[in-house]
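Visitor: One structure coming up, written as structure tokens, with questions to follow.
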Amino acid sequence: MPRIAILSGLVVAVLASRAQADEPGDLAAYVSAGTACAQARAHCFGIQLHVAKAAGEGYVVTPAWVAEQLAQAQALFAPLDVSFELVGADALPGSAAHLATRKDRDAVARGRLGGGVVHVVLTGKLDDVDVAGDVARGVTWRVNGDAQTKIIIVSGVAKPRTLAHELGHLFGLPHSTHAISIMNKRDRKTPPYEERRFADEEIVAMRPFLTSLGTTKLLVERPRPAQRAAP
């Protein structure tokens, strides 16, 4: 996956397994599954969920699945002094439960760009558009072929740290050869999955993205809990 140059749009699509929501119809359960930004961290960014609903099956992922993905991202972005929080959730139609084609990937991003938050689309299955019959774990997609507007899609075979991996791409990281790195896609036995993180060099490499936010305004930093409580 190439280095990301995010210029005019920001969408994250997280695709997960077809487990029904714990409380079908209650989108608030997804928002409450997440945590607020950590008070001690310097940077706070919002995530807006867009949850696909499979016909007759309820929502495609559970609030608990969302909470696990977000918890992993919170922990792994700590060295960058970055935190995330869920700011809202809305429902997507059943057509978003399976993204099979390039047009499907483009369509799921329509109307969900900008706004200063990371838009996370939750769907059920992502087909590999380059290898017939295969499914993809994740991809960074140029919406309508536009290199300046990308959607990140994580498939139903996503591991708990897949959201963190894709957020790493949004913050400018390519795939990695560091054994420790969650950006390294190669199969390996060491270190164990639960010990993998961003390599120290990758933390350094992501810092310019934070510096550029004041100019691009693509992500608007949210006030941290202590600031909200102030009179």
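Residue numbers start at 1 in each chain; chains themselves are named A, B, ... in the order of the structure tokens; ligands are numbered from 1 in the order shown.
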Name the residues of region 86-217 of chain A that come out as strand (DSSP E or B) in a backbone DSSP run; write them as a VMD selection string.
Guide: chain A and resid 86 to 92 98 to 99 118 to 123 125 to 127 135 138 to 142 149 to 154 181 197
Visitor: Lys159 (chain A): which residues within 10 Å, counting only C-alpha atoms, same-chain residues fewer than 5 positions away excluded, as a list in words?
Guide: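 Near Lys159 (chain A), the qualifying residues are Ala16, Glu68, Gln69, Arg137, Val154, His165 and Tyr193 of chain A.
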Visitor: Can those selected residues be exported to a file as a compact mmCIF listing (two decimals), in the first residue's frame so that it contains N, CA and C atoms?
Guide:
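Below is the file again_21.txt, written as the result:
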```txt
# COMPACT_ATOMS: atom_id res chain seq x y z
N ALA A 16 -16.12 -5.39 8.95
CA ALA A 16 -15.96 -6.44 9.94
C ALA A 16 -16.89 -7.59 9.66
N GLU A 68 -13.28 -2.92 20.78
CA GLU A 68 -11.97 -3.59 20.75
C GLU A 68 -11.04 -2.93 19.73
N GLN A 69 -11.56 -2.65 18.55
CA GLN A 69 -10.74 -1.98 17.54
C GLN A 69 -10.26 -0.62 18.03
N ARG A 137 -8.21 -8.14 3.42
CA ARG A 137 -8.24 -7.76 4.84
C ARG A 137 -8.34 -6.24 4.97
N VAL A 154 -11.34 -1.98 5.69
CA VAL A 154 -10.81 -3.14 6.43
C VAL A 154 -11.86 -4.24 6.36
N HIS A 165 -3.82 -0.18 12.22
CA HIS A 165 -2.98 -0.29 11.01
C HIS A 165 -3.44 0.72 9.96
N TYR A 193 1.80 -11.52 18.05
CA TYR A 193 0.86 -10.48 17.58
C TYR A 193 0.58 -9.44 18.66
```
Visitor: Just the alpha helix (DSSP H) stuff from region 37-139 of chain A, please, per backbone DSSP, written as number ranges by chain.
Guide: A: 63-76, 102-109
Visitor: I need the chosen residues saved as a JSON list (two decimals), in the first residue's frame, with C-alpha atoms.
Guide:
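File written: again_0.json
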```
[["chain", "number", "residue", "atom", "x", "y", "z"],
["A", 63, "PRO", "CA", -20.56, -2.49, 19.62],
["A", 64, "ALA", "CA", -18.08, -4.77, 21.40],
["A", 65, "TRP", "CA", -16.19, -5.28, 18.12],
["A", 66, "VAL", "CA", -16.00, -1.53, 17.65],
["A", 67, "ALA", "CA", -14.80, -1.07, 21.23],
["A", 68, "GLU", "CA", -11.97, -3.59, 20.75],
["A", 69, "GLN", "CA", -10.74, -1.98, 17.54],
["A", 70, "LEU", "CA", -10.80, 1.46, 19.13],
["A", 71, "ALA", "CA", -9.08, 0.28, 22.32],
["A", 72, "GLN", "CA", -6.22, -1.13, 20.27],
["A", 73, "ALA", "CA", -5.90, 2.13, 18.34],
["A", 74, "GLN", "CA", -5.91, 4.14, 21.58],
["A", 75, "ALA", "CA", -3.07, 2.08, 23.01],
["A", 76, "LEU", "CA", -0.95, 1.95, 19.88],
["A", 102, "ARG", "CA", -14.62, -0.75, -7.44],
["A", 103, "LYS", "CA", -17.91, 1.09, -7.89],
["A", 104, "ASP", "CA", -19.09, -0.22, -4.52],
["A", 105, "ARG", "CA", -15.99, 1.19, -2.86],
["A", 106, "ASP", "CA", -16.53, 4.56, -4.52],
["A", 107, "ALA", "CA", -20.22, 4.64, -3.62],
["A", 108, "VAL", "CA", -19.75, 3.93, 0.08],
["A", 109, "ALA", "CA", -17.63, 7.08, 0.39]]
```
Visitor: Any idea what the distance is between CA of Thr149 (chain A) and CA of Asp127 (chain A)?
Guide: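 Interatomic distance here is 20.6 Å.
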Visitor: Region 89-191 of chain A near region 34-46 of chain A within 8 Å: what's each residue's closest atom pair and its distance in Å to one decimal, counting only C-alpha atoms, ordered by chain then ascending residue number, as a tab-separated table?
Guide:
```
residue	atom	partner	partner_atom	distance
A:Gly116	CA	A:Gly46	CA	7.9
A:Val117	CA	A:Gly46	CA	5.0
A:Val118	CA	A:Gly46	CA	6.2
```
Visitor: Looking at only C-alpha atoms, which of A:Glu166, A:Asp187, A:Asp90, A:Glu194 is the one that sits closest to Lys53 (chain A)?
Guide: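 Closest residue, counting only C-alpha atoms: A:Asp90.
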Visitor: Suppose you want the space between CA of Val82 (chain A) and CA of Thr123 (chain A); what is it in Å?
Guide: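 One can read the CA of Val82 (chain A) to CA of Thr123 (chain A) distance as 25.7 Å.
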Visitor: Pick from A:Leu163, A:Glu85, A:Gly168, A:Arg197: nearest to Ile182 (chain A), with only C-alpha atoms counted?
Guide: A:Arg197
Visitor: Find the residues around Leu49 (chain A) up to 12 Å (only C-alpha atoms counted), leave out those fewer than 2 positions away in its own chain, and share them as a PyMOL selection string.
Guide: chain A and resi 11-15+27-34+46-47+51-52+61+63+66-67+70+85-92+112+117-123
Visitor: Can I get the selection written as a compact mmCIF listing (two decimals), in the first residue's frame, with C-alpha atoms?
Guide:
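Final output, saved to part-v6.txt:
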```txt
# COMPACT_ATOMS: atom_id res chain seq x y z
CA VAL A 11 -12.71 8.62 5.17
CA VAL A 12 -11.95 5.41 6.97
CA ALA A 13 -13.99 2.34 6.15
CA VAL A 14 -13.79 -0.46 8.67
CA LEU A 15 -15.26 -3.71 7.44
CA LEU A 27 -26.95 3.14 17.27
CA ALA A 28 -26.18 4.89 20.54
CA ALA A 29 -24.74 1.57 21.76
CA TYR A 30 -21.93 1.95 19.23
CA VAL A 31 -20.99 5.41 20.42
CA SER A 32 -21.11 4.44 24.08
CA ALA A 33 -18.87 1.46 23.29
CA GLY A 34 -15.98 3.84 22.74
CA GLY A 46 -13.20 12.27 16.41
CA ILE A 47 -14.46 9.17 14.60
CA VAL A 51 -22.87 1.13 10.21
CA ALA A 52 -24.18 -1.18 7.46
CA VAL A 61 -20.76 -5.70 13.67
CA PRO A 63 -20.56 -2.49 19.62
CA VAL A 66 -16.00 -1.53 17.65
CA ALA A 67 -14.80 -1.07 21.23
CA LEU A 70 -10.80 1.46 19.13
CA GLU A 85 -13.21 9.16 20.41
CA LEU A 86 -16.49 8.17 18.77
CA VAL A 87 -18.65 11.21 18.07
CA GLY A 88 -21.70 9.65 16.41
CA ALA A 89 -23.18 6.78 14.42
CA ASP A 90 -25.67 6.41 11.61
CA ALA A 91 -27.06 3.46 9.66
CA LEU A 92 -26.15 2.40 6.13
CA ARG A 112 -19.01 10.99 3.79
CA VAL A 117 -13.49 13.82 11.66
CA VAL A 118 -12.45 10.33 10.60
CA HIS A 119 -15.42 8.64 8.93
CA VAL A 120 -15.55 4.92 9.69
CA VAL A 121 -17.83 2.77 7.55
CA LEU A 122 -18.64 -0.61 9.07
CA THR A 123 -19.51 -3.26 6.47
```
